[in-house]
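Quick look at model-v1.cif (mmCIF, C-alpha atoms):
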data_run
#
loop_
_atom_site.label_atom_id
_atom_site.label_comp_id
_atom_site.auth_asym_id
_atom_site.auth_seq_id
_atom_site.Cartn_x
_atom_site.Cartn_y
_atom_site.Cartn_z
CA MET Y 1 50.01 49.69 90.44
CA LYS Y 2 50.45 46.87 87.91
CA LYS Y 3 51.85 43.86 89.73
CA ALA Y 4 52.43 40.42 88.17
CA ILE Y 5 53.64 36.97 89.12
CA PHE Y 6 56.03 35.19 86.76
CA PRO Y 7 55.88 31.57 87.94
CA GLY Y 8 58.70 29.12 87.40
CA THR Y 9 58.29 25.68 88.86
CA PHE Y 10 61.74 24.45 87.83
CA ASP Y 11 64.69 26.63 86.91
CA PRO Y 12 63.48 29.96 85.46
CA PHE Y 13 66.85 31.43 84.66
CA THR Y 14 67.39 30.66 80.98
CA ILE Y 15 67.94 33.50 78.56
CA GLY Y 16 64.39 32.97 77.23
CA HIS Y 17 62.87 33.52 80.66
CA PHE Y 18 65.16 36.51 81.21
CA SER Y 19 64.01 38.14 77.96
CA ILE Y 20 60.34 37.65 78.90
CA VAL Y 21 60.88 39.31 82.29
CA LYS Y 22 62.67 42.24 80.61
CA ARG Y 23 59.76 42.67 78.19
CA ALA Y 24 57.19 42.44 80.99
CA LEU Y 25 59.00 45.21 82.89
CA THR Y 26 58.14 47.61 80.07
CA PHE Y 27 54.48 47.58 81.17
CA MET Y 28 54.52 46.27 84.77
CA ASP Y 29 55.41 48.22 87.91
CA GLU Y 30 56.46 45.12 89.85
CA ILE Y 31 57.13 41.47 89.01
CA ILE Y 32 57.46 38.68 91.52
CA ILE Y 33 59.32 35.72 90.13
CA GLY Y 34 57.61 32.90 91.97
CA ILE Y 35 59.55 29.67 92.31
CA GLY Y 36 57.00 26.94 92.81
CA VAL Y 37 57.88 24.30 95.36
CA ASN Y 38 56.94 20.81 94.30
CA ASP Y 39 58.68 18.07 96.26
CA LYS Y 40 57.64 15.42 93.73
CA LYS Y 41 59.46 17.08 90.83
CA ARG Y 42 63.18 16.60 90.36
CA THR Y 43 65.20 19.79 90.14
CA TRP Y 44 68.89 20.39 89.67
CA PHE Y 45 69.31 22.90 92.44
CA PRO Y 46 67.92 23.12 95.96
CA MET Y 47 65.24 25.79 96.42
CA GLU Y 48 67.56 28.12 98.35
CA LYS Y 49 70.18 28.02 95.57
CA ARG Y 50 67.60 28.60 92.83
CA VAL Y 51 66.16 31.61 94.63
CA LYS Y 52 69.65 33.02 95.30
CA MET Y 53 70.78 32.60 91.66
CA ILE Y 54 67.71 34.41 90.38
CA GLN Y 55 67.98 37.15 93.01
CA GLU Y 56 71.59 37.74 91.93
CA LEU Y 57 70.52 37.96 88.29
CA TYR Y 58 68.01 40.72 89.06
CA GLU Y 59 69.77 42.42 91.99
CA LYS Y 60 70.00 45.74 90.14
CA GLU Y 61 66.30 45.80 89.29
CA PRO Y 62 64.26 47.01 92.30
CA ARG Y 63 60.94 46.19 90.63
CA ILE Y 64 61.65 42.45 90.76
CA LYS Y 65 61.29 40.23 93.80
CA VAL Y 66 62.03 36.52 93.96
CA GLN Y 67 60.04 34.24 96.26
CA SER Y 68 59.34 30.57 96.61
CA TYR Y 69 55.78 29.40 97.11
CA ASN Y 70 53.84 26.20 97.59
CA GLY Y 71 50.45 25.59 96.03
CA LEU Y 72 48.51 27.11 93.18
CA THR Y 73 49.96 30.07 91.32
CA VAL Y 74 46.61 31.89 91.43
CA ASP Y 75 46.51 31.57 95.23
CA PHE Y 76 50.07 32.91 95.47
CA ALA Y 77 49.18 35.78 93.12
CA GLN Y 78 46.18 36.72 95.26
CA GLU Y 79 48.29 36.57 98.46
CA GLN Y 80 50.80 38.93 96.85
CA GLY Y 81 48.14 41.31 95.54
CA ALA Y 82 49.07 40.62 91.91
CA LYS Y 83 46.46 41.17 89.23
CA PHE Y 84 48.35 39.38 86.45
CA ILE Y 85 50.28 36.20 85.79
CA ILE Y 86 53.01 36.37 83.14
CA ARG Y 87 53.58 33.20 81.16
CA GLY Y 88 56.30 32.67 78.58
CA ILE Y 89 55.61 30.76 75.41
CA ARG Y 90 57.93 29.45 72.72
CA THR Y 91 55.70 27.56 70.28
CA VAL Y 92 52.13 27.39 69.03
CA HIS Y 93 51.63 24.28 71.17
CA ASP Y 94 52.75 26.27 74.22
CA PHE Y 95 50.26 28.96 73.24
CA GLU Y 96 47.34 26.54 73.05
CA TYR Y 97 48.19 25.00 76.42
CA GLU Y 98 48.82 28.34 78.14
CA GLU Y 99 45.62 29.81 76.71
CA THR Y 100 43.68 26.98 78.36
CA ILE Y 101 45.50 27.52 81.67
CA ALA Y 102 44.82 31.27 81.43
CA ASP Y 103 41.11 30.57 81.03
CA VAL Y 104 41.13 28.28 84.10
CA ASN Y 105 43.04 30.88 86.14
CA ARG Y 106 40.57 33.60 85.16
CA LYS Y 107 37.61 31.41 86.16
CA LEU Y 108 39.24 30.35 89.46
CA SER Y 109 40.41 33.74 90.62
CA GLY Y 110 39.66 36.54 88.17
CA ILE Y 111 43.40 36.98 87.64
CA GLU Y 112 44.37 37.71 84.05
CA THR Y 113 47.24 35.92 82.34
CA ILE Y 114 49.55 37.73 79.93
CA LEU Y 115 51.18 35.43 77.37
CA LEU Y 116 54.50 36.63 76.01
CA PHE Y 117 56.41 34.97 73.19
CA THR Y 118 60.13 34.79 73.62
CA GLU Y 119 62.26 36.14 70.77
CA PRO Y 120 62.40 33.77 67.75
CA GLU Y 121 66.11 33.08 68.19
CA LEU Y 122 65.46 31.86 71.75
CA THR Y 123 62.55 29.53 71.01
CA SER Y 124 64.70 26.41 71.31
CA VAL Y 125 66.08 27.40 74.71
CA SER Y 126 64.14 25.94 77.60
CA SER Y 127 64.85 25.01 81.18
CA THR Y 128 64.31 21.36 80.21
CA ILE Y 129 67.07 21.52 77.60
CA VAL Y 130 69.43 23.31 79.99
CA ARG Y 131 68.81 20.72 82.71
CA GLU Y 132 69.46 17.89 80.27
CA LEU Y 133 72.71 19.48 79.10
CA LEU Y 134 73.78 19.93 82.73
CA GLN Y 135 73.08 16.25 83.38
CA PHE Y 136 75.60 15.36 80.68
CA GLY Y 137 78.18 17.86 81.91
CA LYS Y 138 77.80 20.25 78.95
CA ASP Y 139 78.53 23.98 79.08
CA VAL Y 140 75.18 25.80 79.33
CA THR Y 141 76.63 29.33 79.44
CA PRO Y 142 75.27 30.25 75.95
CA PHE Y 143 71.74 29.59 77.20
CA LEU Y 144 71.99 31.76 80.32
CA PRO Y 145 71.65 35.53 80.68
CA LYS Y 146 74.92 37.43 80.75
CA GLY Y 147 76.36 37.30 84.25
CA MET Y 148 74.40 34.25 85.39
CA LYS Y 149 76.55 31.67 87.13
CA ILE Y 150 75.56 28.08 87.85
#

When written as structure tokens, how does the structure in this file appear?
Amino acid sequence: MKKAIFPGTFDPFTIGHFSIVKRALTFMDEIIIGIGVNDKKRTWFPMEKRVKMIQELYEKEPRIKVQSYNGLTVDFAQEQGAKFIIRGIRTVHDFEYEETIADVNRKLSGIETILLFTEPELTSVSSTIVRELLQFGKDVTPFLPKGMKI
């Protein structure tokens, strides 16, 4: 069984993240969307709300689970029995960084990382941008998957 972790430390519910998960489902049997807990990072939503929003988004897809975790992604992947980590990339700079992280993960744990580009029209959409727009009271609906409510 092909099982992967798709980690999201902040708010992995933008349309770009959603498209990457949909693409990963074409070749994975199960995906765990892992919401990393980091008390030092500022987030817009409490952990429970973030997990609930993402669970609602994928409630009709039985191959997706949503869980929070604390610590290294590779440790969480091993605990869950996942052989792969899915990482989304938008730019060449993302690719270079993620390729380095993938190499570290492989050396630490033997877990392979699969890098997936988001669609070109979604490259400007990131959780950082959505959080900033929220801070200024802007409508972020165009950047969210259909049916997602904040």

Residue contacts of Val125 of chain Y (10 Å, only C-alpha atoms) excluding same-chain residues fewer than 5 positions away, as a ChimeraX atom specification: /Y:14-17,90,118,130,142-144

Selection result for the PyMOL selection byres ((chain Y and resi 68) around 8) on this file, as an NGL selection string: :Y and (34-37 or 47 or 51 or 66-67 or 69-70)

One-decimal distance in Å that lies between atom CA of Glu99 of chain Y and atom CA of Thr128 of chain Y: 20.8 Å

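With the shown file loaded, the PyMOL selection byres ((chain Y and resi 87) around 6) picks out Ile86, Gly88 and Leu115 of chain Y.
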
Kindly compute an axis-aligned box around the listed atoms of segment 16-19 of chain Y, allowing 6 Å on each side, and express its centre and edge lengths in Å to one decimal as JSON.
{"center_x": 64.0, "center_y": 35.6, "center_z": 79.2, "size_x": 14.3, "size_y": 17.2, "size_z": 16.0}

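Using all atoms listed in the file, the contacts of Glu56 of chain Y at a cut-off of 12 Å, with sequence neighbours closer than 3 positions omitted, comprise Y:Phe13, Y:Lys49, Y:Arg50, Y:Val51, Y:Lys52, Y:Met53, Y:Glu59, Y:Lys60, Y:Glu61, Y:Pro62, Y:Ile64, Y:Lys65, Y:Val66, Y:Pro145, Y:Lys146, Y:Gly147, Y:Met148, Y:Lys149, Y:Ile150.
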
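Close contacts of Leu108 of chain Y, defined as residues with an atom at most 9 Å away when counting all atoms listed in the file, with chain neighbours fewer than 4 positions off set aside, comprise Y:Val74, Y:Asp103, Y:Val104.
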
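Ranking Y:Gln135, Y:Pro7, Y:Thr113, Y:Glu96 by their shortest atom-to-atom distance to Gly71 of chain Y, with only C-alpha atoms included, puts Y:Pro7 first.
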
For Thr91 of chain Y, please output as an mmCIF file with C-alpha atoms, in the coordinates of the input all residues within 12 Å (counting only C-alpha atoms; exclusion window: fewer than 2 positions along the same chain).
data_model
loop_
_atom_site.group_PDB
_atom_site.id
_atom_site.type_symbol
_atom_site.label_atom_id
_atom_site.label_comp_id
_atom_site.auth_asym_id
_atom_site.auth_seq_id
_atom_site.Cartn_x
_atom_site.Cartn_y
_atom_site.Cartn_z
ATOM 1 C CA GLY Y 88 56.300 32.670 78.580
ATOM 2 C CA ILE Y 89 55.610 30.760 75.410
ATOM 3 C CA HIS Y 93 51.630 24.280 71.170
ATOM 4 C CA ASP Y 94 52.750 26.270 74.220
ATOM 5 C CA PHE Y 95 50.260 28.960 73.240
ATOM 6 C CA GLU Y 96 47.340 26.540 73.050
ATOM 7 C CA TYR Y 97 48.190 25.000 76.420
ATOM 8 C CA GLU Y 98 48.820 28.340 78.140
ATOM 9 C CA LEU Y 115 51.180 35.430 77.370
ATOM 10 C CA LEU Y 116 54.500 36.630 76.010
ATOM 11 C CA PHE Y 117 56.410 34.970 73.190
ATOM 12 C CA THR Y 118 60.130 34.790 73.620
ATOM 13 C CA GLU Y 119 62.260 36.140 70.770
ATOM 14 C CA PRO Y 120 62.400 33.770 67.750
ATOM 15 C CA GLU Y 121 66.110 33.080 68.190
ATOM 16 C CA LEU Y 122 65.460 31.860 71.750
ATOM 17 C CA THR Y 123 62.550 29.530 71.010
ATOM 18 C CA SER Y 124 64.700 26.410 71.310
ATOM 19 C CA VAL Y 125 66.080 27.400 74.710
ATOM 20 C CA SER Y 126 64.140 25.940 77.600
#

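Distance check against Lys83 of chain Y using only C-alpha atoms: of Y:Lys138, Y:Arg63, Y:Arg106, Y:Lys22, the minimum falls on Y:Arg106.
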
For Ala24 of chain Y: contacts at 9 Å, all atoms listed in the file, fewer than 4 positions along chain excluded, given as a count of residues only: 7

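If you look at atom CA of Tyr58 of chain Y and atom CA of Phe6 of chain Y, they are 13.4 Å away from each other.
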
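Rounded to one decimal, atom CA of Ser127 of chain Y and atom CA of Ile32 of chain Y lie 18.7 Å from each other.
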